[in-house]
Amino acid sequence: MSSPSFIFEMPIKDSDDVVRFLESKFDFGLSVYNATLNTALGRLERMRRSAEWKTALAMPKGKERNRELNRIRNSWGLTQYGLHTIANVHRNAAKRFVRRSEPGAKRTKDECILGVHVAQKIGARAWVAIERYIFGEGGRPRFKSRRRGLHSLEGQSA
């Protein structure tokens with residue numbers, strides 16, 4: 001960075017209902033992360049067992065082989081945007097909704113406790129772990145435990 005910057009952290013001192021609300025968001029985010037990671041690891045294992053992948057690995061090293069391996073990986077949905085989709089599928093399938101009513105509105109609507117952009121960012125977080133594993137830069141990614149959990153949630157857009 002060209003300019004100095006800093007982060008200031010403060011503990012939240014709020015009422016119990018706000019703390020419970022945040023805990024439920026973090027708990028659900030953890031579930032979405034673990035489900036997304038599980039789906040991605042399963043796809044990766046099935047992809048590596050496929051005959052198509054083994055044939056591509058047998059090709060001589062070079063640009064053509066890399067192109068073929070990337071094409072196969074993309075067809076299995078092992079991309080950053082593929083994991084965004086997987087995270088959103090898990091988010092919607094969990095059906096953890098909160099009833100919301102707008103002031104003066106005639107109807108109430110159900111909203112997921114995690115937004116779409118938050119789920120996409122969770123998918124991106126899982127992609128970083130899977131990508132390191134795929135390209136041999138790190139070990140097999142681990143699931144996050146409830147005890148250690150997520151430390152932060154962020155949205156995809158600014």
# chains A, B, ... in the order shown; residues from 1 in each chain; ligands from 1

call {"tool": "residues_around", "arguments": {"residues": "segment 87-90 of chain A", "least_positions_apart": "3", "cutoff": "12 Å", "atoms": "only C-alpha atoms", "output": "number ranges by chain"}}
result
A: 28-40, 80-84, 93-96, 112, 114-127

call {"tool": "write_last_selection", "arguments": {"atoms": "N, CA and C atoms", "output": "compact mmCIF listing (two decimals), in the first residue's frame"}}
result
# COMPACT_ATOMS: atom_id res chain seq x y z
N PHE A 28 -24.54 -19.73 10.55
CA PHE A 28 -25.03 -20.09 9.23
C PHE A 28 -23.92 -19.91 8.19
N GLY A 29 -23.11 -18.87 8.32
CA GLY A 29 -21.98 -18.68 7.42
C GLY A 29 -21.00 -19.84 7.49
N LEU A 30 -20.76 -20.33 8.70
CA LEU A 30 -19.89 -21.48 8.89
C LEU A 30 -20.47 -22.71 8.19
N SER A 31 -21.78 -22.92 8.31
CA SER A 31 -22.43 -24.06 7.67
C SER A 31 -22.32 -23.97 6.15
N VAL A 32 -22.53 -22.77 5.61
CA VAL A 32 -22.43 -22.58 4.16
C VAL A 32 -21.00 -22.82 3.69
N TYR A 33 -20.01 -22.33 4.44
CA TYR A 33 -18.61 -22.55 4.08
C TYR A 33 -18.28 -24.04 4.05
N ASN A 34 -18.64 -24.75 5.12
CA ASN A 34 -18.32 -26.18 5.19
C ASN A 34 -19.04 -26.97 4.11
N ALA A 35 -20.29 -26.63 3.82
CA ALA A 35 -21.04 -27.33 2.77
C ALA A 35 -20.42 -27.05 1.40
N THR A 36 -20.02 -25.80 1.16
CA THR A 36 -19.39 -25.44 -0.12
C THR A 36 -18.06 -26.16 -0.28
N LEU A 37 -17.27 -26.18 0.77
CA LEU A 37 -15.98 -26.87 0.72
C LEU A 37 -16.16 -28.36 0.49
N ASN A 38 -17.15 -28.96 1.14
CA ASN A 38 -17.43 -30.38 0.97
C ASN A 38 -17.82 -30.69 -0.47
N THR A 39 -18.69 -29.88 -1.05
CA THR A 39 -19.11 -30.09 -2.43
C THR A 39 -17.92 -29.95 -3.38
N ALA A 40 -17.08 -28.94 -3.17
CA ALA A 40 -15.92 -28.71 -4.03
C ALA A 40 -14.92 -29.86 -3.92
N GLN A 80 -13.75 -20.01 -9.31
CA GLN A 80 -14.23 -19.11 -8.27
C GLN A 80 -15.72 -18.85 -8.44
N TYR A 81 -16.15 -18.62 -9.66
CA TYR A 81 -17.57 -18.32 -9.88
C TYR A 81 -18.43 -19.57 -9.72
N GLY A 82 -17.85 -20.73 -9.98
CA GLY A 82 -18.56 -21.98 -9.73
C GLY A 82 -18.83 -22.16 -8.24
N LEU A 83 -17.86 -21.78 -7.41
CA LEU A 83 -18.05 -21.90 -5.96
C LEU A 83 -18.98 -20.82 -5.44
N HIS A 84 -19.05 -19.66 -6.11
CA HIS A 84 -20.08 -18.67 -5.75
C HIS A 84 -21.45 -19.29 -5.91
N ALA A 93 -30.82 -23.64 -0.09
CA ALA A 93 -31.33 -24.95 0.29
C ALA A 93 -31.52 -25.07 1.81
N ALA A 94 -30.75 -24.31 2.58
CA ALA A 94 -30.86 -24.39 4.03
C ALA A 94 -32.17 -23.82 4.55
N LYS A 95 -32.77 -22.93 3.80
CA LYS A 95 -34.07 -22.32 4.16
C LYS A 95 -34.05 -21.69 5.55
N ARG A 96 -33.00 -20.93 5.82
CA ARG A 96 -32.93 -20.20 7.10
C ARG A 96 -33.34 -18.77 6.82
N CYS A 112 -33.42 -14.48 3.59
CA CYS A 112 -32.40 -15.35 4.15
C CYS A 112 -31.55 -14.53 5.12
N LEU A 114 -28.47 -14.65 5.57
CA LEU A 114 -27.24 -14.24 4.92
C LEU A 114 -27.58 -13.72 3.54
N GLY A 115 -27.02 -12.62 3.15
CA GLY A 115 -27.27 -12.07 1.84
C GLY A 115 -26.55 -12.84 0.74
N VAL A 116 -26.96 -12.59 -0.49
CA VAL A 116 -26.36 -13.24 -1.64
C VAL A 116 -24.87 -12.89 -1.74
N HIS A 117 -24.54 -11.63 -1.53
CA HIS A 117 -23.15 -11.20 -1.66
C HIS A 117 -22.26 -11.79 -0.57
N VAL A 118 -22.82 -12.01 0.59
CA VAL A 118 -22.06 -12.64 1.68
C VAL A 118 -21.79 -14.10 1.32
N ALA A 119 -22.80 -14.79 0.78
CA ALA A 119 -22.61 -16.18 0.37
C ALA A 119 -21.58 -16.28 -0.75
N GLN A 120 -21.59 -15.34 -1.68
CA GLN A 120 -20.60 -15.35 -2.75
C GLN A 120 -19.19 -15.18 -2.18
N LYS A 121 -19.05 -14.33 -1.21
CA LYS A 121 -17.73 -14.12 -0.61
C LYS A 121 -17.29 -15.37 0.16
N ILE A 122 -18.22 -16.07 0.77
CA ILE A 122 -17.89 -17.33 1.43
C ILE A 122 -17.42 -18.34 0.39
N GLY A 123 -18.08 -18.36 -0.77
CA GLY A 123 -17.65 -19.22 -1.87
C GLY A 123 -16.25 -18.86 -2.35
N ALA A 124 -15.95 -17.56 -2.40
CA ALA A 124 -14.61 -17.11 -2.81
C ALA A 124 -13.57 -17.55 -1.79
N ARG A 125 -13.95 -17.52 -0.51
CA ARG A 125 -13.04 -17.95 0.56
C ARG A 125 -12.73 -19.45 0.43
N ALA A 126 -13.77 -20.23 0.09
CA ALA A 126 -13.57 -21.66 -0.12
C ALA A 126 -12.73 -21.90 -1.38
N TRP A 127 -12.91 -21.06 -2.41
CA TRP A 127 -12.14 -21.20 -3.63
C TRP A 127 -10.64 -21.01 -3.38

call {"tool": "residues_around", "arguments": {"residues": "Glu45 of chain A", "least_positions_apart": "5", "cutoff": "12 Å", "atoms": "only C-alpha atoms", "output": "PyMOL selection string"}}
result
chain A and resi 38-40+50+53+73+76+78+130+133-134+140

call {"tool": "write_last_selection", "arguments": {"atoms": "all heavy atoms", "output": "compact mmCIF listing (two decimals), in the first residue's frame"}}
result
# COMPACT_ATOMS: atom_id res chain seq x y z
N ASN A 38 -17.15 -28.96 1.14
CA ASN A 38 -17.43 -30.38 0.97
C ASN A 38 -17.82 -30.69 -0.47
O ASN A 38 -17.33 -31.67 -1.06
CB ASN A 38 -18.53 -30.82 1.94
CG ASN A 38 -18.74 -32.32 1.91
OD1 ASN A 38 -17.78 -33.09 1.90
ND2 ASN A 38 -20.00 -32.73 1.89
N THR A 39 -18.69 -29.88 -1.05
CA THR A 39 -19.11 -30.09 -2.43
C THR A 39 -17.92 -29.95 -3.38
O THR A 39 -17.74 -30.76 -4.29
CB THR A 39 -20.20 -29.07 -2.82
OG1 THR A 39 -21.31 -29.24 -1.93
CG2 THR A 39 -20.67 -29.26 -4.24
N ALA A 40 -17.08 -28.94 -3.17
CA ALA A 40 -15.92 -28.71 -4.03
C ALA A 40 -14.92 -29.86 -3.92
O ALA A 40 -14.38 -30.31 -4.94
CB ALA A 40 -15.27 -27.39 -3.68
N SER A 50 -11.78 -39.28 -13.05
CA SER A 50 -12.37 -39.42 -14.38
C SER A 50 -11.32 -39.81 -15.41
O SER A 50 -10.14 -39.44 -15.31
CB SER A 50 -13.07 -38.12 -14.80
OG SER A 50 -12.12 -37.13 -15.11
N TRP A 53 -9.70 -36.77 -17.21
CA TRP A 53 -8.62 -36.11 -16.48
C TRP A 53 -7.32 -36.92 -16.60
O TRP A 53 -6.25 -36.35 -16.81
CB TRP A 53 -9.02 -35.95 -15.01
CG TRP A 53 -8.00 -35.26 -14.16
CD1 TRP A 53 -7.10 -35.83 -13.32
CD2 TRP A 53 -7.77 -33.85 -14.08
NE1 TRP A 53 -6.32 -34.88 -12.70
CE2 TRP A 53 -6.73 -33.64 -13.15
CE3 TRP A 53 -8.35 -32.74 -14.68
CZ2 TRP A 53 -6.25 -32.38 -12.83
CZ3 TRP A 53 -7.87 -31.48 -14.36
CH2 TRP A 53 -6.83 -31.31 -13.45
N ARG A 73 -11.37 -28.77 -15.64
CA ARG A 73 -11.67 -28.19 -14.31
C ARG A 73 -12.86 -27.24 -14.39
O ARG A 73 -13.74 -27.27 -13.53
CB ARG A 73 -10.42 -27.46 -13.79
CG ARG A 73 -10.55 -26.95 -12.39
CD ARG A 73 -9.27 -26.31 -11.89
NE ARG A 73 -8.66 -25.36 -12.79
CZ ARG A 73 -9.06 -24.09 -12.91
NH1 ARG A 73 -10.05 -23.63 -12.20
NH2 ARG A 73 -8.44 -23.28 -13.75
N TRP A 76 -16.19 -29.04 -14.58
CA TRP A 76 -16.63 -29.59 -13.29
C TRP A 76 -17.06 -28.49 -12.33
O TRP A 76 -17.45 -28.76 -11.20
CB TRP A 76 -15.50 -30.42 -12.66
CG TRP A 76 -15.40 -31.78 -13.25
CD1 TRP A 76 -14.70 -32.15 -14.37
CD2 TRP A 76 -16.02 -32.96 -12.77
NE1 TRP A 76 -14.86 -33.49 -14.60
CE2 TRP A 76 -15.67 -34.01 -13.64
CE3 TRP A 76 -16.85 -33.24 -11.70
CZ2 TRP A 76 -16.11 -35.31 -13.47
CZ3 TRP A 76 -17.29 -34.53 -11.52
CH2 TRP A 76 -16.93 -35.56 -12.40
N LEU A 78 -15.17 -26.14 -10.99
CA LEU A 78 -14.15 -25.83 -10.00
C LEU A 78 -13.45 -24.53 -10.38
O LEU A 78 -12.28 -24.51 -10.76
CB LEU A 78 -13.16 -26.99 -9.86
CG LEU A 78 -13.76 -28.24 -9.23
CD1 LEU A 78 -12.79 -29.40 -9.32
CD2 LEU A 78 -14.17 -27.98 -7.80
N ILE A 130 -9.37 -24.25 -1.98
CA ILE A 130 -9.38 -25.33 -2.98
C ILE A 130 -8.31 -25.07 -4.04
O ILE A 130 -7.62 -26.00 -4.48
CB ILE A 130 -10.78 -25.44 -3.63
CG1 ILE A 130 -11.79 -26.04 -2.65
CG2 ILE A 130 -10.75 -26.25 -4.91
CD1 ILE A 130 -11.56 -27.50 -2.36
N TYR A 133 -4.94 -26.12 -3.02
CA TYR A 133 -4.86 -27.58 -3.01
C TYR A 133 -4.74 -28.12 -4.43
O TYR A 133 -3.92 -29.01 -4.69
CB TYR A 133 -6.08 -28.14 -2.30
CG TYR A 133 -6.11 -29.64 -2.17
CD1 TYR A 133 -5.06 -30.35 -1.63
CD2 TYR A 133 -7.23 -30.36 -2.57
CE1 TYR A 133 -5.11 -31.73 -1.49
CE2 TYR A 133 -7.30 -31.73 -2.43
CZ TYR A 133 -6.23 -32.41 -1.89
OH TYR A 133 -6.28 -33.76 -1.76
N ILE A 134 -5.52 -27.60 -5.35
CA ILE A 134 -5.50 -28.08 -6.74
C ILE A 134 -4.12 -27.88 -7.35
O ILE A 134 -3.58 -28.77 -8.01
CB ILE A 134 -6.56 -27.34 -7.59
CG1 ILE A 134 -7.97 -27.79 -7.21
CG2 ILE A 134 -6.34 -27.58 -9.08
CD1 ILE A 134 -9.07 -27.00 -7.89
N ARG A 140 -4.58 -30.34 1.84
CA ARG A 140 -6.03 -30.48 1.71
C ARG A 140 -6.72 -29.52 2.68
O ARG A 140 -6.40 -29.48 3.87
CB ARG A 140 -6.43 -31.91 2.04
CG ARG A 140 -7.90 -32.19 1.89
CD ARG A 140 -8.19 -33.65 2.24
NE ARG A 140 -9.61 -33.89 2.35
CZ ARG A 140 -10.38 -34.26 1.34
NH1 ARG A 140 -9.85 -34.42 0.15
NH2 ARG A 140 -11.67 -34.47 1.52

call {"tool": "atom_distance", "arguments": {"atom1": "atom CA of Leu44 of chain A", "atom2": "atom CA of Gly77 of chain A"}}
result
9.4 Å

call {"tool": "residues_around", "arguments": {"residues": "segment 3-16 of chain A", "least_positions_apart": "6", "cutoff": "12 Å", "atoms": "only C-alpha atoms", "output": "ChimeraX atom specification"}}
result
/A:22-23,152

call {"tool": "select_by_dssp", "arguments": {"residues": "chain A", "states": "strand (DSSP E or B)", "output": "PyMOL selection string"}}
result
chain A and resi 97-101+108-112

call {"tool": "write_last_selection", "arguments": {"atoms": "N, CA, C and O atoms", "output": "mmCIF file, in the first residue's frame"}}
result
data_model
loop_
_atom_site.group_PDB
_atom_site.id
_atom_site.type_symbol
_atom_site.label_atom_id
_atom_site.label_comp_id
_atom_site.auth_asym_id
_atom_site.auth_seq_id
_atom_site.Cartn_x
_atom_site.Cartn_y
_atom_site.Cartn_z
ATOM 1 N N PHE A 97 -34.617 -18.537 6.961
ATOM 2 C CA PHE A 97 -35.182 -17.247 6.615
ATOM 3 C C PHE A 97 -35.665 -16.506 7.848
ATOM 4 O O PHE A 97 -35.982 -17.103 8.869
ATOM 5 N N VAL A 98 -35.726 -15.199 7.709
ATOM 6 C CA VAL A 98 -36.260 -14.327 8.748
ATOM 7 C C VAL A 98 -37.394 -13.554 8.108
ATOM 8 O O VAL A 98 -37.275 -13.070 6.987
ATOM 9 N N ARG A 99 -38.504 -13.443 8.809
ATOM 10 C CA ARG A 99 -39.644 -12.702 8.275
ATOM 11 C C ARG A 99 -39.381 -11.210 8.434
ATOM 12 O O ARG A 99 -39.072 -10.730 9.509
ATOM 13 N N ARG A 100 -39.469 -10.506 7.330
ATOM 14 C CA ARG A 100 -39.230 -9.058 7.317
ATOM 15 C C ARG A 100 -40.498 -8.346 6.872
ATOM 16 O O ARG A 100 -41.191 -8.808 5.987
ATOM 17 N N SER A 101 -40.770 -7.237 7.484
ATOM 18 C CA SER A 101 -41.880 -6.408 7.023
ATOM 19 C C SER A 101 -41.398 -4.972 6.920
ATOM 20 O O SER A 101 -40.754 -4.452 7.830
ATOM 21 N N THR A 108 -45.607 -9.152 4.330
ATOM 22 C CA THR A 108 -44.272 -9.431 4.851
ATOM 23 C C THR A 108 -43.576 -10.360 3.871
ATOM 24 O O THR A 108 -44.219 -11.048 3.087
ATOM 25 N N LYS A 109 -42.267 -10.372 3.902
ATOM 26 C CA LYS A 109 -41.526 -11.275 3.030
ATOM 27 C C LYS A 109 -40.456 -11.978 3.843
ATOM 28 O O LYS A 109 -40.031 -11.499 4.894
ATOM 29 N N ASP A 110 -40.065 -13.142 3.371
ATOM 30 C CA ASP A 110 -39.024 -13.904 4.027
ATOM 31 C C ASP A 110 -37.693 -13.600 3.355
ATOM 32 O O ASP A 110 -37.577 -13.623 2.138
ATOM 33 N N GLU A 111 -36.684 -13.311 4.163
ATOM 34 C CA GLU A 111 -35.331 -13.035 3.688
ATOM 35 C C GLU A 111 -34.383 -14.015 4.340
ATOM 36 O O GLU A 111 -34.506 -14.316 5.521
ATOM 37 N N CYS A 112 -33.421 -14.478 3.586
ATOM 38 C CA CYS A 112 -32.396 -15.349 4.146
ATOM 39 C C CYS A 112 -31.547 -14.529 5.123
ATOM 40 O O CYS A 112 -31.318 -13.340 4.908
#

call {"tool": "closest_residue", "arguments": {"among": "A:Phe21, A:Ala58, A:Leu41, A:Phe26", "to": "Pro141 of chain A", "atoms": "only C-alpha atoms"}}
result
A:Leu41

call {"tool": "atom_distance", "arguments": {"atom1": "atom CA of Ile113 of chain A", "atom2": "atom CA of Arg91 of chain A"}}
result
9.2 Å

call {"tool": "closest_residue", "arguments": {"among": "A:Gly136, A:Asn70, A:Glu154, A:Val128", "to": "Met47 of chain A", "atoms": "only C-alpha atoms"}}
result
A:Asn70

call {"tool": "select_by_dssp", "arguments": {"residues": "chain A", "states": "helix (DSSP H, G or I)", "output": "number ranges by chain"}}
result
A: 16-49, 51-58, 63-75, 80-94, 116-134
